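Visitor: So here's upload_38.cif, just mmCIF, C-alpha atoms:
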```
data_run
#
loop_
_atom_site.group_PDB
_atom_site.id
_atom_site.type_symbol
_atom_site.label_atom_id
_atom_site.label_comp_id
_atom_site.auth_asym_id
_atom_site.auth_seq_id
_atom_site.Cartn_x
_atom_site.Cartn_y
_atom_site.Cartn_z
ATOM 1 C CA ALA A 773 -13.554 23.561 10.786
ATOM 2 C CA ARG A 774 -14.751 25.982 8.112
ATOM 3 C CA ALA A 775 -12.010 24.918 5.693
ATOM 4 C CA VAL A 776 -13.156 21.284 5.679
ATOM 5 C CA ASN A 777 -16.922 21.915 5.919
ATOM 6 C CA CYS A 778 -17.423 24.896 3.589
ATOM 7 C CA GLU A 779 -20.192 24.192 1.076
ATOM 8 C CA GLN A 780 -17.980 25.610 -1.714
ATOM 9 C CA GLY A 781 -15.532 22.730 -1.197
ATOM 10 C CA ILE A 782 -12.494 21.946 0.913
ATOM 11 C CA SER A 783 -9.907 24.726 0.627
ATOM 12 C CA LYS A 784 -7.643 26.922 2.724
ATOM 13 C CA THR A 785 -9.952 29.886 2.007
ATOM 14 C CA PRO A 786 -13.528 29.024 3.105
ATOM 15 C CA CYS A 787 -16.163 31.394 1.744
ATOM 16 C CA GLY A 788 -17.414 32.536 5.150
ATOM 17 C CA LYS A 789 -20.916 33.062 3.724
ATOM 18 C CA CYS A 790 -22.455 29.609 3.311
ATOM 19 C CA GLN A 791 -24.638 28.080 6.021
ATOM 20 C CA ALA A 792 -21.851 25.877 7.404
ATOM 21 C CA CYS A 793 -19.320 28.755 7.605
ATOM 22 C CA VAL A 794 -21.837 31.093 9.255
ATOM 23 C CA GLU A 795 -22.940 28.491 11.818
ATOM 24 C CA ILE A 796 -19.317 27.600 12.672
ATOM 25 C CA SER A 797 -18.449 31.291 13.124
ATOM 26 C CA GLN A 798 -21.461 31.740 15.405
ATOM 27 C CA GLY A 799 -20.620 28.620 17.434
ATOM 28 C CA ARG A 800 -23.790 26.670 16.615
ATOM 29 C CA PHE A 801 -22.543 24.106 14.080
ATOM 30 C CA VAL A 802 -23.648 20.695 15.278
ATOM 31 C CA ASP A 803 -20.519 18.909 14.008
ATOM 32 C CA LEU A 804 -18.052 21.261 15.725
ATOM 33 C CA LEU A 805 -17.551 20.259 19.355
ATOM 34 C CA GLU A 806 -15.406 22.334 21.678
ATOM 35 C CA VAL A 807 -14.323 20.683 24.923
ATOM 36 C CA ASP A 808 -12.517 22.328 27.833
ATOM 37 C CA ALA A 809 -10.181 19.619 29.119
ATOM 38 C CA ALA A 810 -9.512 21.626 32.283
ATOM 39 C CA THR A 811 -13.077 20.930 33.477
ATOM 40 C CA ASN A 812 -13.605 17.589 31.712
ATOM 41 C CA THR A 813 -10.566 15.647 32.893
ATOM 42 C CA ARG A 814 -12.178 12.307 33.795
ATOM 43 C CA VAL A 815 -12.011 9.168 31.711
ATOM 44 C CA ASP A 816 -15.819 8.723 31.660
ATOM 45 C CA GLU A 817 -16.298 12.105 29.985
ATOM 46 C CA MET A 818 -13.623 11.311 27.394
ATOM 47 C CA ARG A 819 -15.147 7.908 26.622
ATOM 48 C CA ALA A 820 -18.581 9.476 26.067
ATOM 49 C CA LEU A 821 -16.997 12.006 23.715
ATOM 50 C CA LEU A 822 -15.164 9.333 21.726
ATOM 51 C CA GLU A 823 -18.245 7.114 21.433
ATOM 52 C CA ASN A 824 -20.058 9.970 19.667
ATOM 53 C CA ALA A 825 -17.082 10.350 17.314
ATOM 54 C CA MET A 826 -17.912 6.999 15.723
ATOM 55 C CA TYR A 827 -21.182 8.347 14.285
ATOM 56 C CA ALA A 828 -21.206 10.092 10.908
ATOM 57 C CA PRO A 829 -21.453 13.916 10.798
ATOM 58 C CA THR A 830 -24.971 15.342 10.902
ATOM 59 C CA ALA A 831 -24.574 18.508 8.831
ATOM 60 C CA GLY A 832 -21.028 18.695 7.432
ATOM 61 C CA ARG A 833 -18.323 16.557 5.827
ATOM 62 C CA TYR A 834 -16.286 16.262 9.027
ATOM 63 C CA LYS A 835 -16.827 16.249 12.736
ATOM 64 C CA VAL A 836 -14.242 18.557 14.287
ATOM 65 C CA TYR A 837 -13.335 18.155 17.948
ATOM 66 C CA VAL A 838 -11.425 21.034 19.542
ATOM 67 C CA ILE A 839 -10.022 19.948 22.918
ATOM 68 C CA ASP A 840 -8.614 22.978 24.725
ATOM 69 C CA GLU A 841 -5.841 22.704 27.345
ATOM 70 C CA VAL A 842 -5.568 19.013 26.508
ATOM 71 C CA HIS A 843 -2.597 18.541 28.862
ATOM 72 C CA MET A 844 -5.078 18.758 31.779
ATOM 73 C CA LEU A 845 -6.592 15.353 30.930
ATOM 74 C CA SER A 846 -5.884 12.511 33.332
ATOM 75 C CA THR A 847 -3.617 9.613 32.307
ATOM 76 C CA SER A 848 -6.586 7.254 31.997
ATOM 77 C CA ALA A 849 -8.412 9.786 29.791
ATOM 78 C CA PHE A 850 -5.350 9.974 27.515
ATOM 79 C CA ASN A 851 -5.260 6.175 27.346
ATOM 80 C CA ALA A 852 -8.935 6.120 26.363
ATOM 81 C CA MET A 853 -8.200 8.658 23.595
ATOM 82 C CA LEU A 854 -5.161 6.810 22.275
ATOM 83 C CA LYS A 855 -7.080 4.041 20.474
ATOM 84 C CA THR A 856 -9.190 6.588 18.572
ATOM 85 C CA LEU A 857 -6.111 8.653 17.679
ATOM 86 C CA GLU A 858 -4.349 5.542 16.359
ATOM 87 C CA GLU A 859 -7.248 4.604 14.076
ATOM 88 C CA PRO A 860 -9.455 7.675 13.735
ATOM 89 C CA PRO A 861 -12.686 7.434 11.710
ATOM 90 C CA GLY A 862 -12.322 9.066 8.317
ATOM 91 C CA HIS A 863 -14.926 11.694 9.122
ATOM 92 C CA VAL A 864 -13.315 12.997 12.341
ATOM 93 C CA LEU A 865 -10.628 15.632 12.924
ATOM 94 C CA PHE A 866 -9.168 16.300 16.361
ATOM 95 C CA ILE A 867 -7.552 19.640 17.228
ATOM 96 C CA LEU A 868 -5.671 19.382 20.509
ATOM 97 C CA ALA A 869 -4.730 22.814 21.875
ATOM 98 C CA THR A 870 -2.263 23.243 24.713
ATOM 99 C CA THR A 871 0.063 25.736 26.326
ATOM 100 C CA ASP A 872 2.174 22.950 27.840
ATOM 101 C CA PRO A 873 2.901 20.176 25.297
ATOM 102 C CA GLN A 874 5.531 18.613 27.591
ATOM 103 C CA LYS A 875 2.711 17.251 29.756
ATOM 104 C CA ILE A 876 1.119 15.318 26.907
ATOM 105 C CA PRO A 877 2.177 11.627 26.785
ATOM 106 C CA ALA A 878 4.700 10.821 24.043
ATOM 107 C CA THR A 879 2.328 8.144 22.694
ATOM 108 C CA VAL A 880 -0.263 10.852 21.973
ATOM 109 C CA LEU A 881 2.243 13.419 20.632
ATOM 110 C CA SER A 882 3.683 10.889 18.179
ATOM 111 C CA ARG A 883 0.265 10.520 16.547
ATOM 112 C CA CYS A 884 -0.296 14.256 16.081
ATOM 113 C CA LEU A 885 0.788 16.788 13.502
ATOM 114 C CA GLN A 886 2.237 19.604 15.607
ATOM 115 C CA PHE A 887 1.931 23.315 14.867
ATOM 116 C CA GLY A 888 3.799 25.723 17.122
ATOM 117 C CA LEU A 889 2.043 29.092 17.224
ATOM 118 C CA ARG A 890 4.764 31.742 17.404
ATOM 119 C CA ASN A 891 4.657 35.179 18.968
ATOM 120 C CA LEU A 892 4.201 38.140 16.648
ATOM 121 C CA GLY A 893 6.810 40.838 16.176
ATOM 122 C CA PRO A 894 6.030 44.288 17.671
ATOM 123 C CA ASP A 895 5.634 45.964 14.257
ATOM 124 C CA LEU A 896 3.151 43.379 13.003
ATOM 125 C CA LEU A 897 1.256 43.483 16.289
ATOM 126 C CA ALA A 898 1.031 47.295 16.223
ATOM 127 C CA THR A 899 -0.237 47.163 12.616
ATOM 128 C CA HIS A 900 -2.874 44.608 13.637
ATOM 129 C CA LEU A 901 -4.049 46.789 16.550
ATOM 130 C CA GLY A 902 -4.212 49.809 14.239
ATOM 131 C CA HIS A 903 -6.432 47.863 11.821
ATOM 132 C CA ILE A 904 -8.798 46.866 14.645
ATOM 133 C CA LEU A 905 -9.054 50.399 16.050
ATOM 134 C CA ASN A 906 -9.723 51.805 12.577
ATOM 135 C CA GLN A 907 -12.562 49.300 12.143
ATOM 136 C CA GLU A 908 -13.941 50.340 15.546
ATOM 137 C CA ASN A 909 -13.589 54.070 14.709
ATOM 138 C CA ILE A 910 -11.403 54.678 17.772
ATOM 139 C CA GLN A 911 -8.758 57.396 17.557
ATOM 140 C CA PHE A 912 -5.184 56.424 18.387
ATOM 141 C CA GLU A 913 -1.583 57.546 18.131
ATOM 142 C CA PRO A 914 0.882 55.158 16.420
ATOM 143 C CA GLY A 915 3.350 55.586 19.301
ATOM 144 C CA ALA A 916 0.721 54.299 21.736
ATOM 145 C CA LEU A 917 0.242 51.108 19.717
ATOM 146 C CA ARG A 918 3.996 50.527 19.595
ATOM 147 C CA LEU A 919 4.102 50.745 23.405
ATOM 148 C CA ILE A 920 1.214 48.285 23.750
ATOM 149 C CA ALA A 921 2.767 45.883 21.229
ATOM 150 C CA LYS A 922 6.067 45.986 23.086
ATOM 151 C CA ALA A 923 4.374 45.393 26.473
ATOM 152 C CA ALA A 924 2.394 42.435 25.052
ATOM 153 C CA ARG A 925 5.652 40.600 24.169
ATOM 154 C CA GLY A 926 4.227 39.038 21.012
ATOM 155 C CA SER A 927 0.878 37.902 22.459
ATOM 156 C CA VAL A 928 -2.162 39.039 20.460
ATOM 157 C CA ARG A 929 -4.490 38.274 23.367
ATOM 158 C CA ASP A 930 -2.415 40.358 25.798
ATOM 159 C CA ALA A 931 -2.201 43.180 23.248
ATOM 160 C CA LEU A 932 -5.982 43.263 22.864
ATOM 161 C CA SER A 933 -6.465 43.246 26.649
ATOM 162 C CA LEU A 934 -4.029 46.142 27.042
ATOM 163 C CA THR A 935 -5.762 48.022 24.216
ATOM 164 C CA ASP A 936 -9.116 47.594 25.991
ATOM 165 C CA GLN A 937 -7.549 48.971 29.167
ATOM 166 C CA ALA A 938 -6.013 51.886 27.246
ATOM 167 C CA ILE A 939 -9.380 52.800 25.697
ATOM 168 C CA ALA A 940 -10.988 52.894 29.162
ATOM 169 C CA TYR A 941 -7.996 54.635 30.759
ATOM 170 C CA SER A 942 -7.850 57.428 28.178
ATOM 171 C CA ALA A 943 -11.600 57.963 27.721
ATOM 172 C CA GLY A 944 -11.822 56.518 24.223
ATOM 173 C CA VAL A 945 -8.681 57.993 22.615
ATOM 174 C CA VAL A 946 -5.580 55.789 22.728
ATOM 175 C CA GLY A 947 -2.860 58.405 23.169
ATOM 176 C CA GLU A 948 0.848 57.789 23.642
ATOM 177 C CA ALA A 949 1.132 59.834 26.854
ATOM 178 C CA SER A 950 -1.789 58.081 28.562
ATOM 179 C CA VAL A 951 -0.613 54.614 27.476
ATOM 180 C CA ARG A 952 2.895 55.371 28.694
ATOM 181 C CA GLN A 953 1.420 56.411 32.049
ATOM 182 C CA MET A 954 -0.853 53.344 32.176
ATOM 183 C CA LEU A 955 1.995 50.924 31.447
ATOM 184 C CA GLY A 956 4.553 52.770 33.557
ATOM 185 C CA SER A 957 6.739 52.946 30.461
ATOM 186 C CA VAL A 958 9.907 54.979 30.195
ATOM 187 C CA ASP A 959 9.726 58.459 28.701
ATOM 188 C CA GLN A 960 12.016 58.432 25.664
ATOM 189 C CA GLN A 961 13.209 61.936 26.567
ATOM 190 C CA VAL A 962 14.795 60.606 29.770
ATOM 191 C CA VAL A 963 16.843 58.063 27.812
ATOM 192 C CA LEU A 964 17.895 60.747 25.318
ATOM 193 C CA GLN A 965 18.957 63.069 28.181
ATOM 194 C CA ILE A 966 21.123 60.305 29.672
ATOM 195 C CA LEU A 967 22.766 59.527 26.327
ATOM 196 C CA GLN A 968 23.302 63.226 25.566
ATOM 197 C CA ALA A 969 25.010 63.708 28.952
ATOM 198 C CA LEU A 970 27.206 60.646 28.248
ATOM 199 C CA ALA A 971 28.090 61.972 24.791
ATOM 200 C CA ASN A 972 29.086 65.340 26.303
ATOM 201 C CA GLY A 973 30.957 63.720 29.207
ATOM 202 C CA ASP A 974 28.777 65.819 31.522
ATOM 203 C CA ALA A 975 28.874 64.080 34.904
ATOM 204 C CA LYS A 976 26.828 66.797 36.624
ATOM 205 C CA ALA A 977 23.921 66.516 34.150
ATOM 206 C CA LEU A 978 24.064 62.731 34.324
ATOM 207 C CA LEU A 979 23.800 62.670 38.127
ATOM 208 C CA GLU A 980 21.012 65.278 38.078
ATOM 209 C CA VAL A 981 18.947 63.012 35.821
ATOM 210 C CA SER A 982 19.749 60.005 37.992
ATOM 211 C CA ASN A 983 18.761 61.823 41.213
ATOM 212 C CA ALA A 984 15.509 63.076 39.652
ATOM 213 C CA LEU A 985 14.640 59.511 38.633
ATOM 214 C CA ALA A 986 15.411 58.240 42.137
ATOM 215 C CA VAL A 987 13.075 60.848 43.684
ATOM 216 C CA ALA A 988 10.341 59.853 41.216
ATOM 217 C CA SER A 989 10.829 56.111 41.973
ATOM 218 C CA ALA A 990 11.327 55.501 38.259
ATOM 219 C CA PRO A 991 11.290 51.978 36.756
ATOM 220 C CA PHE A 992 15.079 51.593 36.652
ATOM 221 C CA ALA A 993 15.034 48.156 35.020
ATOM 222 C CA ALA A 994 12.875 49.485 32.180
ATOM 223 C CA ILE A 995 15.182 52.494 31.693
ATOM 224 C CA LEU A 996 18.226 50.206 31.449
ATOM 225 C CA ASP A 997 16.332 48.048 28.935
ATOM 226 C CA GLU A 998 15.571 51.156 26.874
ATOM 227 C CA LEU A 999 19.201 52.328 27.073
ATOM 228 C CA ALA A 1000 20.355 48.947 25.771
ATOM 229 C CA ALA A 1001 17.731 49.037 22.995
ATOM 230 C CA VAL A 1002 18.767 52.532 21.856
ATOM 231 C CA ALA A 1003 22.460 51.558 21.960
ATOM 232 C CA TYR A 1004 21.599 48.582 19.738
ATOM 233 C CA ARG A 1005 19.733 50.738 17.219
ATOM 234 C CA LEU A 1006 22.534 53.306 17.076
ATOM 235 C CA SER A 1007 25.086 50.494 16.615
ATOM 236 C CA ILE A 1008 23.139 49.066 13.697
ATOM 237 C CA ALA A 1009 22.764 52.571 12.240
ATOM 238 C CA ALA A 1010 26.554 53.114 12.482
ATOM 239 C CA PHE A 1011 27.223 50.019 10.359
ATOM 240 C CA ALA A 1012 24.221 50.442 8.048
ATOM 241 C CA GLY A 1013 25.030 54.053 7.218
ATOM 242 C CA GLY A 1014 22.148 55.637 9.127
ATOM 243 C CA LEU A 1015 18.900 55.037 10.957
ATOM 244 C CA SER A 1016 16.140 53.241 9.104
ATOM 245 C CA PRO A 1017 13.518 55.640 7.644
ATOM 246 C CA GLU A 1018 10.912 53.287 9.154
ATOM 247 C CA ASP A 1019 12.316 53.734 12.674
ATOM 248 C CA PRO A 1020 9.538 55.540 14.587
ATOM 249 C CA ASP A 1021 12.132 57.361 16.725
ATOM 250 C CA GLN A 1022 14.335 58.421 13.821
ATOM 251 C CA ALA A 1023 13.914 62.146 14.506
ATOM 252 C CA ALA A 1024 14.668 61.786 18.227
ATOM 253 C CA LEU A 1025 17.707 59.559 17.727
ATOM 254 C CA SER A 1026 19.200 61.459 14.783
ATOM 255 C CA SER A 1027 20.765 63.995 17.196
ATOM 256 C CA LEU A 1028 22.805 61.148 18.743
ATOM 257 C CA GLN A 1029 24.103 59.729 15.468
ATOM 258 C CA GLY A 1030 27.868 59.979 15.400
ATOM 259 C CA ALA A 1031 28.016 61.096 19.039
ATOM 260 C CA PHE A 1032 29.415 57.694 20.084
ATOM 261 C CA SER A 1033 32.010 55.424 18.554
ATOM 262 C CA PRO A 1034 30.934 51.820 17.789
ATOM 263 C CA GLU A 1035 33.063 50.718 20.766
ATOM 264 C CA ASP A 1036 31.248 53.154 23.090
ATOM 265 C CA LEU A 1037 27.866 51.823 21.991
ATOM 266 C CA GLN A 1038 28.969 48.247 22.606
ATOM 267 C CA LEU A 1039 30.094 49.249 26.094
ATOM 268 C CA ILE A 1040 26.843 51.104 26.891
ATOM 269 C CA TYR A 1041 24.859 48.068 25.768
ATOM 270 C CA GLN A 1042 26.956 45.682 27.845
ATOM 271 C CA ILE A 1043 26.906 47.821 30.997
ATOM 272 C CA ALA A 1044 23.121 48.383 30.693
ATOM 273 C CA THR A 1045 22.319 44.670 30.286
ATOM 274 C CA HIS A 1046 24.662 43.617 33.095
ATOM 275 C CA ALA A 1047 23.347 46.325 35.424
ATOM 276 C CA ARG A 1048 19.790 45.206 34.622
ATOM 277 C CA ALA A 1049 20.622 41.706 35.821
ATOM 278 C CA GLU A 1050 22.414 42.979 38.923
ATOM 279 C CA LEU A 1051 19.842 45.526 40.146
ATOM 280 C CA ASN A 1052 18.602 43.182 42.878
ATOM 281 C CA LEU A 1053 22.176 42.848 44.187
ATOM 282 C CA ALA A 1054 22.578 46.594 44.752
ATOM 283 C CA PRO A 1055 21.891 48.134 48.211
ATOM 284 C CA GLU A 1056 19.054 50.025 46.486
ATOM 285 C CA GLU A 1057 17.842 49.957 42.885
ATOM 286 C CA SER A 1058 18.555 53.673 42.527
ATOM 287 C CA ILE A 1059 22.180 53.102 43.643
ATOM 288 C CA GLY A 1060 22.629 50.237 41.172
ATOM 289 C CA PHE A 1061 21.199 52.431 38.402
ATOM 290 C CA SER A 1062 23.377 55.447 39.265
ATOM 291 C CA MET A 1063 26.461 53.241 39.439
ATOM 292 C CA ALA A 1064 25.683 51.884 35.980
ATOM 293 C CA LEU A 1065 25.568 55.440 34.572
ATOM 294 C CA VAL A 1066 28.808 56.345 36.346
ATOM 295 C CA ARG A 1067 30.402 53.183 34.926
ATOM 296 C CA MET A 1068 29.334 54.164 31.419
ATOM 297 C CA LEU A 1069 30.877 57.599 31.910
ATOM 298 C CA ALA A 1070 34.067 56.261 33.518
ATOM 299 C CA PHE A 1071 34.828 53.795 30.734
#
```
Once more with this new file: its structure as structure tokens, please.

Guide:
Amino acid sequence: ARAVNCEQGISKTPCGKCQACVEISQGRFVDLLEVDAATNTRVDEMRALLENAMYAPTAGRYKVYVIDEVHMLSTSAFNAMLKTLEEPPGHVLFILATTDPQKIPATVLSRCLQFGLRNLGPDLLATHLGHILNQENIQFEPGALRLIAKAARGSVRDALSLTDQAIAYSAGVVGEASVRQMLGSVDQQVVLQILQALANGDAKALLEVSNALAVASAPFAAILDELAAVAYRLSIAAFAGGLSPEDPDQAALSSLQGAFSPEDLQLIYQIATHARAELNLAPEESIGFSMALVRMLAF
């Protein structure tokens, strides 16, 4: 909306300072209309909206209609919209936002330019959170942001929600230990102990770790995920000639470099991922987890 209505001209970089940009940012621009389709599903409401679209903009170059969760509209409301989408007035832009494009009729989809918003990678997400916390003058540990970014699974909104929770949970300082406790994340030391016991062929140490985790009702699925992830990183390091200097766990993992052959790492990865999928088939999760560790040692 700012790009097409900025007083400096139409561009991909609106100034953000002119009257139109400021009013759009503050949500009081008369030619920007935001509609929640989840609560305005009826055809009468859509017809009223489209009738107003015929009139020229009041303050800007374009009227911009943002229809959120557009898949919630009724079939008759979509039919009412179709005529306007086929021959839209030159001064109108429609932005149809949805989390479920499969529910939008093909006749509507075929008249739209589609942009799929992708999830962000954990590194980019952690960097983004770090920038926000610096702007807000909130102390944080980089490891804590990596945990939040991983838990958010690429969603910026989820990452921000988790960061808000972490700030409240840890009394204003986003620390790795408190975030790990809040998320119920796996302590990296546990994974390193398991891998060290495997590297040494130490069955006693391996079972001691497993029994301690069972007593603590540890998140076994998450530990298996972490085992698979570490096996992957060590495998890549074996073929790339070493761990990446940018790897945040380089110091912790360096002690395991060369401790396993490439074949061993492939096996650990495979057993961990298969055991993760089969945990619900075990008599108890702790038994399924222990058996996976024994299997890694046996083979």

Visitor: List the residues sitting within 12 Å of (-5.0, 44.3, 24.0) in the file's frame, using only C-alpha atoms, as number ranges by chain.

Guide: A: 897-898, 900-902, 904-905, 916-940, 946, 951

Visitor: May I ask for the distance between CA of Glu1035 (chain A) and CA of Glu1057 (chain A), given in Å to one decimal place?

Guide: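 CA of Glu1035 (chain A) sits 26.9 Å away from CA of Glu1057 (chain A).
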
Visitor: Which residues come within 12 Å of Ala1049 (chain A), counting all atoms listed in the file, excluding same-chain residues fewer than 2 positions away, as a list of chain:residue names?

Guide: A:Phe992, A:Ala993, A:Ala994, A:Leu996, A:Asp997, A:Gln1042, A:Ile1043, A:Ala1044, A:Thr1045, A:His1046, A:Ala1047, A:Leu1051, A:Asn1052, A:Leu1053, A:Ala1054, A:Glu1057, A:Gly1060, A:Phe1061, A:Ala1064

Visitor: Keeping only C-alpha atoms, write those residues as a PDB file, keeping the file's coordinate frame.

Guide:
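Below you can see selection23.pdb, which holds the result:
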```pdb
ATOM      1  CA  PHE A 992      15.079  51.593  36.652  1.00  0.00           C
ATOM      2  CA  ALA A 993      15.034  48.156  35.020  1.00  0.00           C
ATOM      3  CA  ALA A 994      12.875  49.485  32.180  1.00  0.00           C
ATOM      4  CA  LEU A 996      18.226  50.206  31.449  1.00  0.00           C
ATOM      5  CA  ASP A 997      16.332  48.048  28.935  1.00  0.00           C
ATOM      6  CA  GLN A1042      26.956  45.682  27.845  1.00  0.00           C
ATOM      7  CA  ILE A1043      26.906  47.821  30.997  1.00  0.00           C
ATOM      8  CA  ALA A1044      23.121  48.383  30.693  1.00  0.00           C
ATOM      9  CA  THR A1045      22.319  44.670  30.286  1.00  0.00           C
ATOM     10  CA  HIS A1046      24.662  43.617  33.095  1.00  0.00           C
ATOM     11  CA  ALA A1047      23.347  46.325  35.424  1.00  0.00           C
ATOM     12  CA  LEU A1051      19.842  45.526  40.146  1.00  0.00           C
ATOM     13  CA  ASN A1052      18.602  43.182  42.878  1.00  0.00           C
ATOM     14  CA  LEU A1053      22.176  42.848  44.187  1.00  0.00           C
ATOM     15  CA  ALA A1054      22.578  46.594  44.752  1.00  0.00           C
ATOM     16  CA  GLU A1057      17.842  49.957  42.885  1.00  0.00           C
ATOM     17  CA  GLY A1060      22.629  50.237  41.172  1.00  0.00           C
ATOM     18  CA  PHE A1061      21.199  52.431  38.402  1.00  0.00           C
ATOM     19  CA  ALA A1064      25.683  51.884  35.980  1.00  0.00           C
TER      20      ALA A1064
END
```

Visitor: Give me the result of the PyMOL selection byres ((chain A and resi 864-871) around 9) on this file, residue by residue, as a PyMOL selection string.

Guide: chain A and resi 773+825-826+828-829+833-844+857+860-863+872-873+876+884

Visitor: Let me make sure I understand: among A:Met853, A:Pro1034, A:Glu858, A:Ala984, which one has the smallest atom-to-atom distance to Leu1006 (chain A) if we use all atoms listed in the file?

Guide: A:Pro1034

Visitor: Tell me, in Å to one decimal, how far CA of Tyr1041 (chain A) is from CA of Val981 (chain A).

Guide: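 We find that CA of Tyr1041 (chain A) and CA of Val981 (chain A) lie 19.0 Å from each other.
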
Visitor: Once you add 5 Å to each side, what are the centre and edge lengths of the axis-aligned box holding all listed atoms of region 1046-1062 of chain A? One decimal in Å, as lines of an AutoDock Vina configuration file, if you can.

Guide:
```
center_x = 21.3
center_y = 48.6
center_z = 40.7
size_x = 16.8
size_y = 23.7
size_z = 25.1
```

Visitor: Since the input lacks some atoms of region 953-964 of chain A, please model N, CA, C and O atoms and print them as a PDB file, keeping the file's coordinate frame.

Guide:
```
ATOM      1  N   GLN A 953       1.729  56.291  30.620  1.00  0.00           N
ATOM      2  CA  GLN A 953       1.420  56.411  32.049  1.00  0.00           C
ATOM      3  C   GLN A 953       0.760  55.130  32.564  1.00  0.00           C
ATOM      4  O   GLN A 953       1.075  54.648  33.647  1.00  0.00           O
ATOM      5  N   MET A 954      -0.153  54.570  31.778  1.00  0.00           N
ATOM      6  CA  MET A 954      -0.853  53.344  32.176  1.00  0.00           C
ATOM      7  C   MET A 954       0.106  52.168  32.347  1.00  0.00           C
ATOM      8  O   MET A 954       0.006  51.396  33.304  1.00  0.00           O
ATOM      9  N   LEU A 955       1.057  52.047  31.423  1.00  0.00           N
ATOM     10  CA  LEU A 955       1.995  50.924  31.447  1.00  0.00           C
ATOM     11  C   LEU A 955       3.188  51.175  32.363  1.00  0.00           C
ATOM     12  O   LEU A 955       3.949  50.249  32.655  1.00  0.00           O
ATOM     13  N   GLY A 956       3.354  52.439  32.793  1.00  0.00           N
ATOM     14  CA  GLY A 956       4.553  52.770  33.557  1.00  0.00           C
ATOM     15  C   GLY A 956       5.795  52.703  32.690  1.00  0.00           C
ATOM     16  O   GLY A 956       6.887  52.364  33.153  1.00  0.00           O
ATOM     17  N   SER A 957       5.619  53.027  31.397  1.00  0.00           N
ATOM     18  CA  SER A 957       6.739  52.946  30.461  1.00  0.00           C
ATOM     19  C   SER A 957       7.687  54.124  30.629  1.00  0.00           C
ATOM     20  O   SER A 957       7.344  55.154  31.213  1.00  0.00           O
ATOM     21  N   VAL A 958       8.862  53.959  30.077  1.00  0.00           N
ATOM     22  CA  VAL A 958       9.907  54.979  30.195  1.00  0.00           C
ATOM     23  C   VAL A 958       9.665  56.087  29.172  1.00  0.00           C
ATOM     24  O   VAL A 958       9.383  55.817  28.001  1.00  0.00           O
ATOM     25  N   ASP A 959       9.792  57.322  29.620  1.00  0.00           N
ATOM     26  CA  ASP A 959       9.726  58.459  28.701  1.00  0.00           C
ATOM     27  C   ASP A 959      11.010  58.472  27.871  1.00  0.00           C
ATOM     28  O   ASP A 959      12.117  58.498  28.418  1.00  0.00           O
ATOM     29  N   GLN A 960      10.856  58.468  26.558  1.00  0.00           N
ATOM     30  CA  GLN A 960      12.016  58.432  25.664  1.00  0.00           C
ATOM     31  C   GLN A 960      12.943  59.606  25.901  1.00  0.00           C
ATOM     32  O   GLN A 960      14.164  59.500  25.727  1.00  0.00           O
ATOM     33  N   GLN A 961      12.391  60.743  26.339  1.00  0.00           N
ATOM     34  CA  GLN A 961      13.209  61.936  26.567  1.00  0.00           C
ATOM     35  C   GLN A 961      14.243  61.705  27.665  1.00  0.00           C
ATOM     36  O   GLN A 961      15.352  62.241  27.619  1.00  0.00           O
ATOM     37  N   VAL A 962      13.868  60.896  28.669  1.00  0.00           N
ATOM     38  CA  VAL A 962      14.795  60.606  29.770  1.00  0.00           C
ATOM     39  C   VAL A 962      16.012  59.848  29.236  1.00  0.00           C
ATOM     40  O   VAL A 962      17.164  60.155  29.573  1.00  0.00           O
ATOM     41  N   VAL A 963      15.753  58.857  28.396  1.00  0.00           N
ATOM     42  CA  VAL A 963      16.843  58.063  27.812  1.00  0.00           C
ATOM     43  C   VAL A 963      17.737  58.945  26.948  1.00  0.00           C
ATOM     44  O   VAL A 963      18.971  58.842  26.992  1.00  0.00           O
ATOM     45  N   LEU A 964      17.113  59.841  26.171  1.00  0.00           N
ATOM     46  CA  LEU A 964      17.895  60.747  25.318  1.00  0.00           C
ATOM     47  C   LEU A 964      18.740  61.701  26.151  1.00  0.00           C
ATOM     48  O   LEU A 964      19.881  62.006  25.797  1.00  0.00           O
TER      49      LEU A 964
END
```
